[in-house]
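Take a look at the structure below.
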Amino acid sequence: LSHASNVLGSIRDIGALCQIIRRPCPNVQVVVDGVAACAHLYTDVATLGVDWYVVSCHKLFGPHVGAMCGRTEAAIAIHAEDSSIMLGTVNYEGCSGIVGLGSYLSILGDGRNESKTGVSLDRTNPNALKISQPGDDPVQQRHSLYAMPKYQKLSTGRLVKSYRHIAKVERHTSSYILHHLQNCLHVRLIREDDNDADVTSTIPVLSFIHTQISSHDIVQWCLQHGLIIRCGYFLSTALLRAEFDTHNQYMEERGGIVRVSLCHYNNMEDAKAIIHILGTMNGWD
C-alpha cells in the first residue's frame, strides 16, 4: 500500500485499511510505501498497525539510502522462513548523511513560536528559530554547513513539532496554487474531488491537465522561465489512469499529467511565481 498518492496527493488511512485487510486474512503482512508521504507527514509506525514501512531518505531531504522499519515479529517470521537473508554491504557514507538529516529535523522542531507563515533560523543564534516567510530553508539560506549546530537527539516531541511547522508552510503555499488552478477555465485538476479546496488531508502535490495546452509545452515553458515541474504518469496504475480518463493515445502524445510538487522550503514567492509563469502562456486563460 502507498501511504499517499504521488499524483492525487491524497493520504490513506493506513490503520483503517490494515483492519479491513486482516479481517479475512489475519496472518497477512502489510507493507506500506511511505516514500511520497515521509517528507510531509509525521508517521508513528508503531501505532499504524503495519508490518513494514519503507521510505527513501532522499525524499526526506537526506542521502540516497532506503530505509525499512518493521515489527519484530514480522522480521522473526521472515528469517524463520529464510535464514540466508543478509543486509549486504553497509553504505557508511549514506548513513553518515542520515545523521545530518536528524540535525536538520531537530532544527525545524526547535522553534518557540508557531505560525502558518513558516520558520527560519535567527541569523545571530543558530540554535534559535524565528518566524519568517513561508518555506525559508533554515540551513540553505541562513547558514553554511560548517555553521550547523552539533547533532541534537531527535526526540518524538521535537519531530512532531518539526512536521507541524512543515505542514503549516505547505498548506499555505499549496492552497494558494490550488485556488488559482481551480479558477482557471481550461484547467482540469486530477484530484479525488477537483472542487475541494481543502489541503489539510493531502500532501502538497497538485496534478492537472490543461485542455488547450499540452503538458509537454507547459513543462518546457516553465523550464525556460526557471521553474522545474514535471509531466507524465509518475508510475500511476492503469486503474488510476482509467478513473481519470487519462490513459489514451491523445494524452500520451500531450505528455500525460502536469504535476507541481511542493516542500517546506518553497515559500509564497515560489507559489506566486508558479501562477504568474503559467498565466503568461498563450491560451492559458
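Ordering of the C-alpha cells sets the chain letters (A, B, ...), residue numbers begin anew at 1 in every chain, and ligands are numbered from 1 in the order given.
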
Excluding His225 in chain A and any residue of its chain fewer than 4 positions from it, enumerate the residues within 12 Å of it, using only C-alpha atoms, and give them as an mmCIF file with all heavy atoms, in the first residue's frame.
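File selection_5.cif, as written:
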```cif
data_model
loop_
_atom_site.group_PDB
_atom_site.id
_atom_site.type_symbol
_atom_site.label_atom_id
_atom_site.label_comp_id
_atom_site.auth_asym_id
_atom_site.auth_seq_id
_atom_site.Cartn_x
_atom_site.Cartn_y
_atom_site.Cartn_z
ATOM 1 N N ILE A 218 3.703 22.944 -21.419
ATOM 2 C CA ILE A 218 3.669 23.626 -20.114
ATOM 3 C C ILE A 218 4.987 23.436 -19.384
ATOM 4 O O ILE A 218 5.564 24.391 -18.843
ATOM 5 C CB ILE A 218 2.491 23.107 -19.271
ATOM 6 C CG1 ILE A 218 1.159 23.538 -19.888
ATOM 7 C CG2 ILE A 218 2.592 23.610 -17.827
ATOM 8 C CD1 ILE A 218 -0.056 22.925 -19.219
ATOM 9 N N VAL A 219 5.479 22.215 -19.377
ATOM 10 C CA VAL A 219 6.739 21.920 -18.677
ATOM 11 C C VAL A 219 7.907 22.665 -19.321
ATOM 12 O O VAL A 219 8.759 23.233 -18.631
ATOM 13 C CB VAL A 219 6.997 20.401 -18.664
ATOM 14 C CG1 VAL A 219 8.415 20.093 -18.194
ATOM 15 C CG2 VAL A 219 5.987 19.702 -17.769
ATOM 16 N N GLN A 220 7.948 22.696 -20.653
ATOM 17 C CA GLN A 220 9.029 23.383 -21.353
ATOM 18 C C GLN A 220 8.978 24.888 -21.119
ATOM 19 O O GLN A 220 10.004 25.538 -20.930
ATOM 20 C CB GLN A 220 8.966 23.070 -22.858
ATOM 21 C CG GLN A 220 9.402 21.670 -23.223
ATOM 22 C CD GLN A 220 10.824 21.372 -22.750
ATOM 23 O OE1 GLN A 220 11.760 22.150 -22.987
ATOM 24 N NE2 GLN A 220 11.005 20.243 -22.083
ATOM 25 N N TRP A 221 7.774 25.451 -21.121
ATOM 26 C CA TRP A 221 7.614 26.877 -20.866
ATOM 27 C C TRP A 221 8.119 27.243 -19.462
ATOM 28 O O TRP A 221 8.837 28.228 -19.275
ATOM 29 C CB TRP A 221 6.149 27.267 -21.015
ATOM 30 C CG TRP A 221 5.847 28.707 -20.713
ATOM 31 C CD1 TRP A 221 5.432 29.238 -19.527
ATOM 32 C CD2 TRP A 221 5.948 29.813 -21.625
ATOM 33 N NE1 TRP A 221 5.254 30.595 -19.631
ATOM 34 C CE2 TRP A 221 5.575 30.975 -20.901
ATOM 35 C CE3 TRP A 221 6.319 29.938 -22.963
ATOM 36 C CZ2 TRP A 221 5.556 32.241 -21.493
ATOM 37 C CZ3 TRP A 221 6.304 31.197 -23.548
ATOM 38 C CH2 TRP A 221 5.924 32.326 -22.814
ATOM 39 N N ILE A 229 8.949 21.789 -13.182
ATOM 40 C CA ILE A 229 7.841 20.898 -12.858
ATOM 41 C C ILE A 229 7.905 19.731 -13.836
ATOM 42 O O ILE A 229 8.686 19.752 -14.792
ATOM 43 C CB ILE A 229 6.464 21.612 -12.921
ATOM 44 C CG1 ILE A 229 6.222 22.176 -14.319
ATOM 45 C CG2 ILE A 229 6.386 22.710 -11.882
ATOM 46 C CD1 ILE A 229 4.845 22.816 -14.467
ATOM 47 N N ALA A 273 5.120 32.831 -8.162
ATOM 48 C CA ALA A 273 5.876 32.718 -9.411
ATOM 49 C C ALA A 273 5.296 31.626 -10.301
ATOM 50 O O ALA A 273 5.210 31.787 -11.526
ATOM 51 C CB ALA A 273 7.348 32.436 -9.112
ATOM 52 N N ILE A 274 4.893 30.510 -9.693
ATOM 53 C CA ILE A 274 4.294 29.413 -10.463
ATOM 54 C C ILE A 274 3.041 29.897 -11.182
ATOM 55 O O ILE A 274 2.871 29.679 -12.393
ATOM 56 C CB ILE A 274 3.968 28.230 -9.528
ATOM 57 C CG1 ILE A 274 5.246 27.570 -9.040
ATOM 58 C CG2 ILE A 274 3.082 27.205 -10.247
ATOM 59 C CD1 ILE A 274 5.029 26.534 -7.953
ATOM 60 N N HIS A 276 2.154 32.977 -11.855
ATOM 61 C CA HIS A 276 2.485 34.025 -12.824
ATOM 62 C C HIS A 276 3.035 33.432 -14.114
ATOM 63 O O HIS A 276 2.612 33.822 -15.226
ATOM 64 C CB HIS A 276 3.501 34.991 -12.217
ATOM 65 C CG HIS A 276 4.035 35.985 -13.202
ATOM 66 N ND1 HIS A 276 3.287 37.048 -13.678
ATOM 67 C CD2 HIS A 276 5.253 36.058 -13.837
ATOM 68 C CE1 HIS A 276 3.999 37.736 -14.538
ATOM 69 N NE2 HIS A 276 5.197 37.169 -14.646
ATOM 70 N N ILE A 277 3.970 32.496 -13.993
ATOM 71 C CA ILE A 277 4.588 31.892 -15.177
ATOM 72 C C ILE A 277 3.561 31.136 -16.003
ATOM 73 O O ILE A 277 3.521 31.257 -17.237
ATOM 74 C CB ILE A 277 5.754 30.969 -14.754
ATOM 75 C CG1 ILE A 277 6.896 31.807 -14.182
ATOM 76 C CG2 ILE A 277 6.250 30.146 -15.941
ATOM 77 C CD1 ILE A 277 7.972 30.988 -13.497
ATOM 78 N N LEU A 278 2.710 30.373 -15.346
ATOM 79 C CA LEU A 278 1.667 29.650 -16.081
ATOM 80 C C LEU A 278 0.726 30.630 -16.773
ATOM 81 O O LEU A 278 0.304 30.411 -17.909
ATOM 82 C CB LEU A 278 0.891 28.754 -15.115
ATOM 83 C CG LEU A 278 1.637 27.565 -14.527
ATOM 84 C CD1 LEU A 278 0.766 26.842 -13.487
ATOM 85 C CD2 LEU A 278 2.061 26.582 -15.611
ATOM 86 N N THR A 280 1.296 33.459 -18.057
ATOM 87 C CA THR A 280 1.857 34.165 -19.214
ATOM 88 C C THR A 280 1.874 33.334 -20.479
ATOM 89 O O THR A 280 2.243 33.842 -21.549
ATOM 90 C CB THR A 280 3.297 34.615 -18.894
ATOM 91 O OG1 THR A 280 4.103 33.470 -18.573
ATOM 92 C CG2 THR A 280 3.324 35.609 -17.738
ATOM 93 N N MET A 281 1.456 32.081 -20.389
ATOM 94 C CA MET A 281 1.403 31.242 -21.583
ATOM 95 C C MET A 281 0.237 31.658 -22.472
ATOM 96 O O MET A 281 -0.858 31.944 -22.000
ATOM 97 C CB MET A 281 1.241 29.761 -21.200
ATOM 98 C CG MET A 281 2.427 29.148 -20.515
ATOM 99 S SD MET A 281 2.307 27.342 -20.421
ATOM 100 C CE MET A 281 2.636 26.907 -22.134
#
```

At most 12 Å is the cut-off: for each residue in range 187-276 of chain A with any atom that close to an atom of range 12-16 of chain A, write down the nearest atom pair and the distance in Å rounded to one decimal, counting only C-alpha atoms, chain first then increasing number, as a Markdown table.
```
| residue | atom | partner | partner_atom | distance |
| --- | --- | --- | --- | --- |
| A:Glu192 | CA | A:Arg12 | CA | 12.0 |
| A:Ser201 | CA | A:Arg12 | CA | 9.2 |
| A:Thr202 | CA | A:Arg12 | CA | 9.2 |
| A:Ile203 | CA | A:Arg12 | CA | 10.8 |
```

Which residue gives the smallest distance to Ser215 in chain A among A:Asn91, A:Thr237, A:Gly100, A:Arg230, with only C-alpha atoms counted?
A:Arg230

Give me the residues near Tyr92 in chain A as a list of chain:residue names, where near means some atom within 12 Å (using only C-alpha atoms) and where sequence neighbours in that chain fewer than 6 positions away do not count.
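So, after excluding close chain neighbours, the residues are A:Pro63, A:His64, A:Val65, A:Ile98, A:Val99.
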
Selection export as a CSV table (one decimal), in the first residue's frame, atoms kept: C-alpha atoms:
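Dumped to result22.csv:
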```csv
chain,number,residue,atom,x,y,z
A,63,PRO,CA,21.0,10.9,1.0
A,64,HIS,CA,20.0,8.2,-1.4
A,65,VAL,CA,19.5,5.5,1.2
A,98,ILE,CA,21.2,10.4,7.7
A,99,VAL,CA,22.8,11.8,11.0
```

Tell me which of A:Gly283, A:Gly232, A:Gly49, A:Gly226 sits closest to Asp270 in chain A, counting only C-alpha atoms.
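Comparing A:Gly283, A:Gly232, A:Gly49, A:Gly226 against Asp270 in chain A, the winner is A:Gly226.
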
Closest of A:Ile228, A:Leu159, A:Ala37, A:Ala77 to Leu101 in chain A - atom-to-atom distances counting only C-alpha atoms
A:Leu159

CA of His3 in chain A to CA of Cys38 in chain A, distance in Å rounded to a single decimal
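Atom-to-atom, CA of His3 in chain A to CA of Cys38 in chain A, that is 8.8 Å.
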
Contacts of Arg254 in chain A at 8 Å or less, counting only C-alpha atoms, minus same-chain residues fewer than 3 places along, as number ranges by chain?
A: 214-216, 250-251

Interatomic distance (Å, one decimal) between CA of Leu206 in chain A and CA of Leu108 in chain A:
24.4 Å

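The smallest atom-to-atom distance between His264 in chain A and any of A:Gln19, A:Ser207, A:Ser174, A:Asn6, using only C-alpha atoms, is found for A:Ser174.
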
Which one of A:Ile275, A:Leu239, A:Met268, A:Leu223 sits closest to His179 in chain A if you count only C-alpha atoms?
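Closest to His179 in chain A, using only C-alpha atoms: A:Ile275.
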
List every residue of range 152-231 of chain A that DSSP, applied to the backbone of this structure, assigns to alpha helix (DSSP H), and report them as a ChimeraX atom specification.
/A:156-182,215-224

For Val30 in chain A, which residue out of A:Cys231, A:Ile257, A:Ala197, A:Val45 is the nearest one, using only C-alpha atoms?
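Smallest separation from Val30 in chain A among the options: A:Val45.
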
In Å, how far is it from CA of His40 in chain A to CA of Trp52 in chain A?
19.1 Å
